[in-house]
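Peer 1: Structure file work.txt (compact mmCIF, C-alpha atoms) right here:
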# COMPACT_ATOMS: atom_id res chain seq x y z
CA MET A 156 2.59 -21.64 13.23
CA MET A 157 5.73 -23.14 11.80
CA SER A 158 8.33 -20.48 12.56
CA GLU A 159 6.41 -17.83 14.53
CA PHE A 160 6.85 -15.43 11.63
CA ASN A 161 10.63 -15.47 11.49
CA ALA A 162 11.69 -12.78 8.99
CA SER A 163 14.27 -14.89 7.17
CA THR A 164 11.83 -17.79 6.84
CA LEU A 165 9.16 -15.47 5.43
CA ARG A 166 11.62 -14.04 2.93
CA ALA A 167 12.64 -17.54 1.88
CA THR A 168 8.98 -18.36 1.23
CA VAL A 169 8.68 -15.24 -0.93
CA LEU A 170 11.76 -16.24 -2.91
CA LYS A 171 10.47 -19.76 -3.49
CA MET A 172 7.17 -18.37 -4.75
CA ALA A 173 8.82 -15.82 -7.02
CA TYR A 174 11.17 -18.44 -8.46
CA ALA A 175 8.43 -21.02 -8.95
CA GLY A 176 6.24 -18.50 -10.77
CA SER A 177 9.04 -16.58 -12.52
CA THR A 178 7.41 -13.43 -11.25
CA VAL A 179 8.31 -10.01 -9.89
CA HIS A 180 7.71 -7.66 -6.91
CA ILE A 181 10.35 -9.24 -4.66
CA GLY A 182 11.88 -5.99 -3.38
CA CYS A 183 8.56 -4.47 -2.35
CA ALA A 184 7.53 -7.68 -0.59
CA PHE A 185 10.82 -7.82 1.34
CA SER A 186 10.44 -4.28 2.71
CA ILE A 187 7.22 -5.15 4.60
CA ILE A 188 8.27 -8.52 6.03
CA GLU A 189 8.93 -7.31 9.60
CA ILE A 190 5.81 -5.13 9.57
CA LEU A 191 3.60 -8.09 8.71
CA ALA A 192 5.49 -10.43 11.03
CA VAL A 193 4.78 -8.17 14.02
CA LEU A 194 1.15 -7.68 13.04
CA TYR A 195 0.41 -11.37 12.55
CA ARG A 196 2.40 -12.50 15.57
CA ASN A 197 1.31 -9.95 18.16
CA HIS A 198 -1.62 -7.79 17.07
CA LEU A 199 -4.02 -9.27 14.54
CA ARG A 200 -6.76 -11.16 16.36
CA TYR A 201 -8.55 -14.08 14.73
CA PRO A 202 -10.88 -15.87 17.19
CA ASP A 203 -10.35 -19.63 16.94
CA ASN A 204 -7.76 -18.93 14.22
CA ASP A 205 -10.66 -18.26 11.87
CA PRO A 206 -9.80 -15.73 9.12
CA GLU A 207 -13.51 -15.25 8.45
CA SER A 208 -14.58 -14.68 12.06
CA ALA A 209 -17.00 -11.78 12.37
CA GLN A 210 -14.92 -10.55 15.32
CA ARG A 211 -11.56 -10.58 13.49
CA ASP A 212 -9.26 -7.62 13.05
CA TYR A 213 -8.69 -6.48 9.47
CA MET A 214 -5.36 -6.50 7.62
CA VAL A 215 -5.68 -4.35 4.51
CA LEU A 216 -2.71 -4.56 2.16
CA SER A 217 -3.28 -1.40 0.17
CA LYS A 218 0.11 -1.82 -1.57
CA GLY A 219 -1.22 -5.00 -3.11
CA HIS A 220 1.90 -5.68 -5.18
CA GLY A 221 3.66 -6.73 -1.96
CA VAL A 222 1.21 -9.60 -1.54
CA MET A 223 3.82 -12.39 -1.57
CA ALA A 224 4.81 -11.22 1.92
CA GLN A 225 1.22 -11.60 3.06
CA TYR A 226 0.89 -14.99 1.35
CA ALA A 227 3.94 -16.13 3.33
CA CYS A 228 2.17 -15.10 6.56
CA LEU A 229 -1.09 -16.76 5.55
CA TYR A 230 0.84 -19.96 4.88
CA GLU A 231 2.26 -19.83 8.39
CA LYS A 232 -1.23 -19.29 9.78
CA GLY A 233 -2.23 -22.53 8.07
CA TRP A 234 -4.69 -20.81 5.74
CA LEU A 235 -2.80 -21.46 2.49
CA PRO A 236 -1.64 -24.95 1.50
CA LYS A 237 1.94 -25.51 0.38
CA SER A 238 0.65 -26.46 -3.07
CA ASP A 239 -0.54 -22.87 -3.59
CA LEU A 240 2.99 -21.61 -3.00
CA GLU A 241 4.62 -24.27 -5.17
CA ASN A 242 2.22 -23.55 -8.04
CA TYR A 243 2.35 -19.77 -7.77
CA PHE A 244 1.56 -18.16 -11.15
CA SER A 245 1.19 -21.53 -12.87
CA ASP A 246 -1.85 -22.37 -15.01
CA GLY A 247 -4.87 -22.53 -12.74
CA SER A 248 -3.12 -20.97 -9.75
CA ARG A 249 -5.47 -19.34 -7.22
CA LEU A 250 -2.88 -16.80 -6.14
CA LYS A 251 -2.40 -13.66 -8.16
CA GLY A 252 0.43 -11.13 -8.06
CA LEU A 253 -1.82 -8.59 -6.36
CA SER A 254 -3.99 -8.87 -3.25
CA ASP A 255 -7.31 -10.55 -4.04
CA ALA A 256 -10.27 -10.66 -1.66
CA HIS A 257 -11.21 -14.10 -3.00
CA ILE A 258 -8.22 -15.51 -1.07
CA THR A 259 -9.05 -16.32 2.55
CA GLY A 260 -7.15 -13.88 4.75
CA CYS A 261 -6.88 -11.13 2.13
CA GLU A 262 -9.45 -8.48 3.02
CA VAL A 263 -9.27 -6.40 -0.17
CA THR A 264 -8.56 -6.65 -3.85
CA SER A 265 -5.81 -4.09 -4.28
CA GLY A 266 -3.00 -3.12 -6.58
CA SER A 267 -4.57 -0.07 -8.17
CA LEU A 268 -2.76 2.20 -5.75
CA GLY A 269 -4.56 4.59 -3.47
CA HIS A 270 -7.88 2.90 -2.82
CA GLY A 271 -7.01 0.29 -0.15
CA LEU A 272 -6.90 2.84 2.64
CA SER A 273 -10.42 4.00 1.74
CA VAL A 274 -11.65 0.42 2.09
CA GLY A 275 -9.84 0.17 5.42
CA THR A 276 -11.46 3.33 6.76
CA GLY A 277 -14.84 1.89 5.84
CA MET A 278 -14.05 -1.28 7.79
CA ALA A 279 -12.90 0.76 10.78
CA LEU A 280 -16.07 2.87 10.66
CA ALA A 281 -18.26 -0.24 10.47
CA ALA A 282 -16.56 -1.61 13.59
CA LYS A 283 -17.09 1.71 15.37
CA LEU A 284 -20.77 1.80 14.46
CA ALA A 285 -21.18 -1.80 15.63
CA ASN A 286 -19.42 -0.87 18.89
CA THR A 287 -16.88 -3.68 18.60
CA ASP A 288 -13.21 -3.56 19.61
CA GLN A 289 -11.96 -4.53 16.15
CA TYR A 290 -8.96 -2.82 14.59
CA CYS A 291 -8.15 -2.22 10.97
CA TYR A 292 -4.47 -2.15 10.00
CA ALA A 293 -3.77 -0.69 6.57
CA VAL A 294 -0.31 -1.07 5.00
CA VAL A 295 0.38 1.47 2.27
CA GLY A 296 3.44 2.28 0.19
CA ASP A 297 5.17 5.63 0.18
CA GLY A 298 4.78 5.83 -3.61
CA GLU A 299 1.09 5.20 -3.03
CA MET A 300 0.97 8.41 -1.02
CA ASN A 301 1.00 10.25 -4.37
CA GLU A 302 -2.64 9.25 -4.85
CA GLY A 303 -5.45 11.64 -3.95
CA PRO A 304 -7.79 9.04 -2.41
CA ILE A 305 -5.20 8.43 0.33
CA TRP A 306 -5.62 11.98 1.60
CA GLU A 307 -9.40 11.85 1.30
CA ALA A 308 -9.39 8.71 3.41
CA MET A 309 -7.23 10.43 6.02
CA LEU A 310 -9.70 13.33 6.25
CA PHE A 311 -12.55 10.82 6.58
CA ALA A 312 -10.73 8.88 9.31
CA LYS A 313 -10.21 11.99 11.43
CA HIS A 314 -13.75 13.25 10.89
CA TRP A 315 -15.23 9.95 12.13
CA LYS A 316 -12.74 9.65 14.99
CA LEU A 317 -11.46 6.28 13.83
CA ASP A 318 -8.93 5.55 16.56
CA ASN A 319 -9.32 1.88 15.65
CA LEU A 320 -7.56 2.54 12.32
CA VAL A 321 -3.77 2.09 12.16
CA VAL A 322 -2.07 3.14 8.93
CA ILE A 323 1.46 1.82 8.41
CA VAL A 324 3.47 3.42 5.61
CA ASP A 325 6.22 1.32 4.07
CA GLU A 326 8.61 4.22 3.40
CA ASN A 327 11.30 2.43 1.37
CA GLY A 328 12.04 5.45 -0.81
CA PHE A 329 11.15 3.82 -4.13
CA GLN A 330 8.21 3.14 -6.38
CA ALA A 331 7.96 1.29 -9.67
CA MET A 332 9.41 4.04 -11.84
CA GLY A 333 12.12 5.36 -9.53
CA ALA A 334 12.85 7.09 -6.25
CA THR A 335 9.80 8.58 -4.61
CA ALA A 336 11.71 11.84 -4.10
CA ASP A 337 12.15 12.11 -7.87
CA VAL A 338 8.60 11.15 -8.79
CA MET A 339 6.82 13.27 -6.16
CA GLN A 340 8.34 15.05 -3.17
CA LEU A 341 6.55 13.78 -0.06
CA GLY A 342 8.28 15.75 2.68
CA SER A 343 7.73 14.58 6.24
CA LEU A 344 4.98 11.98 6.23
CA GLN A 345 4.74 12.05 10.01
CA ALA A 346 4.14 15.82 9.93
CA LYS A 347 1.49 15.39 7.24
CA PHE A 348 -0.34 12.70 9.19
CA GLU A 349 -0.26 14.91 12.28
CA ALA A 350 -1.62 17.84 10.27
CA PHE A 351 -4.54 15.59 9.29
CA GLY A 352 -5.25 14.85 12.97
CA PHE A 353 -3.50 11.49 13.34
CA ASP A 354 -1.36 10.32 16.21
CA ALA A 355 1.81 9.47 14.30
CA VAL A 356 5.30 8.12 14.94
CA THR A 357 8.29 7.22 12.78
CA VAL A 358 10.22 4.00 13.41
CA ASP A 359 12.74 1.65 11.83
CA GLY A 360 10.48 -0.64 9.84
CA HIS A 361 12.83 -3.59 10.27
CA ASP A 362 13.11 -3.28 14.06
CA GLU A 363 10.39 -5.63 15.26
CA ALA A 364 10.60 -4.50 18.88
CA ALA A 365 10.24 -0.85 17.86
CA LEU A 366 7.28 -1.65 15.61
CA ASP A 367 5.59 -3.65 18.34
CA GLN A 368 6.09 -0.92 20.94
CA ALA A 369 4.80 1.76 18.58
CA LEU A 370 1.64 -0.24 17.95
CA ILE A 371 1.08 -0.84 21.66
CA GLN A 372 1.53 2.82 22.57
CA LEU A 373 -0.60 4.19 19.75
CA LYS A 374 -3.50 1.82 20.41
CA ALA A 375 -3.43 2.64 24.12
CA ASN A 376 -4.39 6.23 23.31
CA LYS A 377 -8.18 6.06 22.84
CA ASN A 378 -8.59 9.73 22.01
CA GLY A 379 -10.58 9.61 18.79
CA ALA A 380 -7.51 10.20 16.63
CA PRO A 381 -6.61 7.66 13.93
CA LYS A 382 -3.10 6.24 14.19
CA ALA A 383 -0.15 6.17 11.78
CA ILE A 384 3.30 4.61 11.77
CA VAL A 385 5.84 5.77 9.21
CA ALA A 386 8.10 2.75 8.86
CA LYS A 387 11.52 3.55 7.42
CA THR A 388 12.37 0.48 5.37
CA VAL A 389 14.83 -0.85 2.79
CA LYS A 390 13.51 -2.11 -0.51
CA GLY A 391 14.91 -5.59 -1.04
CA LYS A 392 15.83 -5.93 2.65
CA GLY A 393 17.50 -9.22 3.56
CA VAL A 394 19.42 -9.98 0.38
CA SER A 395 22.50 -7.79 -0.06
CA PHE A 396 22.39 -7.41 -3.85
CA MET A 397 18.70 -6.49 -3.76
CA GLU A 398 18.84 -3.85 -1.03
CA HIS A 399 18.17 -0.29 -2.28
CA GLN A 400 18.15 -1.64 -5.85
CA ASN A 401 14.87 -0.65 -7.47
CA ILE A 402 15.55 -3.00 -10.38
CA TRP A 403 14.20 -5.73 -8.09
CA HIS A 404 10.73 -4.27 -8.40
CA TYR A 405 10.44 -5.98 -11.79
CA THR A 406 13.45 -8.34 -12.07
CA ARG A 407 12.85 -12.08 -12.10
CA LEU A 408 15.04 -14.63 -10.39
CA ASN A 409 17.21 -17.02 -12.34
CA GLU A 410 18.92 -20.14 -11.01
CA ASP A 411 22.01 -18.21 -9.89
CA THR A 412 20.26 -15.31 -8.17
CA PHE A 413 17.77 -17.64 -6.52
CA GLY A 414 20.57 -19.80 -5.14
CA ALA A 415 22.58 -16.80 -3.93
CA SER A 416 19.51 -15.24 -2.28
CA MET A 417 18.55 -18.42 -0.47
CA ALA A 418 22.12 -18.91 0.74
CA GLU A 419 22.15 -15.43 2.31
CA LEU A 420 18.87 -16.04 4.09
CA GLU A 421 20.04 -19.39 5.41
CA GLN A 422 23.12 -17.71 6.90
CA ALA A 423 20.86 -15.11 8.57
CA GLN A 424 18.74 -17.72 10.35
Reformat the file's structure so that it appears as structure tokens.

Peer 2:
Amino acid sequence: MMSEFNASTLRATVLKMAYAGSTVHIGCAFSIIEILAVLYRNHLRYPDNDPESAQRDYMVLSKGHGVMAQYACLYEKGWLPKSDLENYFSDGSRLKGLSDAHITGCEVTSGSLGHGLSVGTGMALAAKLANTDQYCYAVVGDGEMNEGPIWEAMLFAKHWKLDNLVVIVDENGFQAMGATADVMQLGSLQAKFEAFGFDAVTVDGHDEAALDQALIQLKANKNGAPKAIVAKTVKGKGVSFMEHQNIWHYTRLNEDTFGASMAELEQAQ
């Protein structure tokens, strides 16, 4: 690992990719940086650092449009070469703007919102049936919670007692077309998870210590209940003019905004 998943370094990698490829989805990648940093640093297990190990834990990025954040982590793991980042979205690039299972380290092809959690529950069930100690971590967006398959997967997870499934909701309050509260009222996600039989907590999604502790405590409770963390996050976190600004779901960087963004991250390191 080059920086042990330092949040500012990961965000800088995302910016470099987005600028190189003149592409979008910066804000929704920034909101999950600390979540992924904690998972990759402290919880995801890859025997012999092998992303294809049969004994690995699973990291399912159901909100596949945030994949640049995962690419940044895979680069730090040594599983993506620098050339992939530098050629992001260029002709012949391997890396797409959505999670793709053809990329080593990406477990699912996602982006069509709502189905990633179903894939994750299947992985968790397979591990249960094989009597392994593998975990599946599924990161979903709060806008994604509008989709019916999410709730079907939650019912399935409780029915099969998948306490090796950890769902983490990136609750940044926005989705592509606006504020989640305007598109579809979600109410208390923690209360909804609990009503579906999950052990659930709500934490600051940018507080790495709080995220880590929540994961430790939830996983310690082997009671047959699937687990959920509602992570309160800020879309565009880390760059002041992007924070809470949903325009950065689809806005591309230019020379000025790229320079200003990188300067802010350098000051934060």

Peer 1: Please compute the atom CA of A:Ala331-atom CA of A:Asn401 distance, one decimal, in Å.

Peer 2: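 Result for atom CA of A:Ala331 versus atom CA of A:Asn401: 7.5 Å, one decimal.
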
Peer 1: Can you tell me, as number ranges by chain, what residues are no more than 12 Å from A:Ala293 when counting all atoms listed in the file, ignoring any on the same chain fewer than 3 positions away?

Peer 2: A: 190-191, 194, 199, 212-219, 261-263, 265, 269-279, 290, 296, 305, 308-309, 319-325, 381-385

Peer 1: Those residues with C-alpha atoms, as a CSV table (one decimal), keeping the file's coordinate frame please?

Peer 2:
chain,number,residue,atom,x,y,z
A,190,ILE,CA,5.8,-5.1,9.6
A,191,LEU,CA,3.6,-8.1,8.7
A,194,LEU,CA,1.2,-7.7,13.0
A,199,LEU,CA,-4.0,-9.3,14.5
A,212,ASP,CA,-9.3,-7.6,13.0
A,213,TYR,CA,-8.7,-6.5,9.5
A,214,MET,CA,-5.4,-6.5,7.6
A,215,VAL,CA,-5.7,-4.4,4.5
A,216,LEU,CA,-2.7,-4.6,2.2
A,217,SER,CA,-3.3,-1.4,0.2
A,218,LYS,CA,0.1,-1.8,-1.6
A,219,GLY,CA,-1.2,-5.0,-3.1
A,261,CYS,CA,-6.9,-11.1,2.1
A,262,GLU,CA,-9.4,-8.5,3.0
A,263,VAL,CA,-9.3,-6.4,-0.2
A,265,SER,CA,-5.8,-4.1,-4.3
A,269,GLY,CA,-4.6,4.6,-3.5
A,270,HIS,CA,-7.9,2.9,-2.8
A,271,GLY,CA,-7.0,0.3,-0.2
A,272,LEU,CA,-6.9,2.8,2.6
A,273,SER,CA,-10.4,4.0,1.7
A,274,VAL,CA,-11.6,0.4,2.1
A,275,GLY,CA,-9.8,0.2,5.4
A,276,THR,CA,-11.5,3.3,6.8
A,277,GLY,CA,-14.8,1.9,5.8
A,278,MET,CA,-14.0,-1.3,7.8
A,279,ALA,CA,-12.9,0.8,10.8
A,290,TYR,CA,-9.0,-2.8,14.6
A,296,GLY,CA,3.4,2.3,0.2
A,305,ILE,CA,-5.2,8.4,0.3
A,308,ALA,CA,-9.4,8.7,3.4
A,309,MET,CA,-7.2,10.4,6.0
A,319,ASN,CA,-9.3,1.9,15.6
A,320,LEU,CA,-7.6,2.5,12.3
A,321,VAL,CA,-3.8,2.1,12.2
A,322,VAL,CA,-2.1,3.1,8.9
A,323,ILE,CA,1.5,1.8,8.4
A,324,VAL,CA,3.5,3.4,5.6
A,325,ASP,CA,6.2,1.3,4.1
A,381,PRO,CA,-6.6,7.7,13.9
A,382,LYS,CA,-3.1,6.2,14.2
A,383,ALA,CA,-0.2,6.2,11.8
A,384,ILE,CA,3.3,4.6,11.8
A,385,VAL,CA,5.8,5.8,9.2

Peer 1: Which neighbours of A:Gly298 fall inside 6 Å, counting only C-alpha atoms, when residues of the same chain fewer than 3 positions from it are skipped, and could you give them as a list in words?

Peer 2: Asn301, Gln330 and Thr335 of chain A

Peer 1: Select, from A:Ala281, A:Leu170, A:Val358, A:Ala336, the residue with the minimum atom-to-atom distance to A:Ser416, counting only C-alpha atoms.

Peer 2: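 Using only C-alpha atoms, the shortest distance to A:Ser416 belongs to A:Leu170.
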
Peer 1: Mind checking which residues fall within 8 Å of A:Gly260, counting all atoms listed in the file, ignoring those fewer than 4 positions away in the same chain, and posting them as number ranges by chain?

Peer 2: A: 206-207, 229, 234, 256

Peer 1: Restricting the output to C-alpha atoms, write the selected residues as a PDB file, in the frame of the given file.

Peer 2:
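Dumped to selection-v5.pdb:
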ATOM      1  CA  PRO A 206      -9.800 -15.730   9.120  1.00  0.00           C
ATOM      2  CA  GLU A 207     -13.510 -15.250   8.450  1.00  0.00           C
ATOM      3  CA  LEU A 229      -1.090 -16.760   5.550  1.00  0.00           C
ATOM      4  CA  TRP A 234      -4.690 -20.810   5.740  1.00  0.00           C
ATOM      5  CA  ALA A 256     -10.270 -10.660  -1.660  1.00  0.00           C
TER       6      ALA A 256
END

Peer 1: In terms of the shortest atom-to-atom distance over all atoms listed in the file, which of A:Ala386, A:Met332, A:Thr164, A:Leu341 is closest to A:Val356?

Peer 2: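 Among the listed residues, A:Ala386 lies closest to A:Val356.
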
Peer 1: Go through A:Ala369, A:Ala175, A:His314, A:Ala375 and flag the residue nearest A:Phe353, using all atoms listed in the file for the distances.

Peer 2: A:His314

Peer 1: With distances taken over all atoms listed in the file, which of A:Ser245, A:Ser163, A:Gln210, A:Ser238 is nearest to A:Cys291?

Peer 2: A:Gln210

Peer 1: Could you build a table of the residues in stretch 185-270 of chain A lying no more than 10 Å from stretch 177-180 of chain A, giving for each the nearest pair of atoms and their separation in Å rounded to one decimal place, using only C-alpha atoms, ordered by chain and ascending residue number, as JSON lines?

Peer 2:
{"residue": "A:Phe185", "atom": "CA", "partner": "A:His180", "partner_atom": "CA", "distance": 8.8}
{"residue": "A:His220", "atom": "CA", "partner": "A:His180", "partner_atom": "CA", "distance": 6.4}
{"residue": "A:Gly221", "atom": "CA", "partner": "A:His180", "partner_atom": "CA", "distance": 6.5}
{"residue": "A:Val222", "atom": "CA", "partner": "A:His180", "partner_atom": "CA", "distance": 8.7}
{"residue": "A:Met223", "atom": "CA", "partner": "A:His180", "partner_atom": "CA", "distance": 8.1}
{"residue": "A:Ala224", "atom": "CA", "partner": "A:His180", "partner_atom": "CA", "distance": 10.0}
{"residue": "A:Tyr243", "atom": "CA", "partner": "A:Ser177", "partner_atom": "CA", "distance": 8.8}
{"residue": "A:Phe244", "atom": "CA", "partner": "A:Thr178", "partner_atom": "CA", "distance": 7.5}
{"residue": "A:Ser245", "atom": "CA", "partner": "A:Ser177", "partner_atom": "CA", "distance": 9.3}
{"residue": "A:Gly252", "atom": "CA", "partner": "A:Thr178", "partner_atom": "CA", "distance": 8.0}
{"residue": "A:Leu253", "atom": "CA", "partner": "A:His180", "partner_atom": "CA", "distance": 9.6}

Peer 1: In Å, rounded to a single decimal, give me how far atom CA of A:Glu326 is from atom CA of A:Glu349.

Peer 2: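 That distance, rounded to one decimal, is 16.5 Å.
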
Peer 1: Go ahead and compute the interatomic distance for atom CA of A:Thr357 and atom CA of A:Gln400, in Å to one decimal.

Peer 2: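 Pair atom CA of A:Thr357 / atom CA of A:Gln400 returns 22.9 Å.
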
Peer 1: I need the residue nearest A:Ser208 from this list: A:Gln289, A:Ser186, A:Gln225, A:Asn376. Use only C-alpha atoms for the distance.

Peer 2: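 Comparing A:Gln289, A:Ser186, A:Gln225, A:Asn376 against A:Ser208, the winner is A:Gln289.
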
Peer 1: Can you work out which one of A:Ala209, A:Asp367, A:Ser248, A:Ala423 has the shortest atom-to-atom distance to A:Tyr195, counting all atoms listed in the file?

Peer 2: A:Asp367
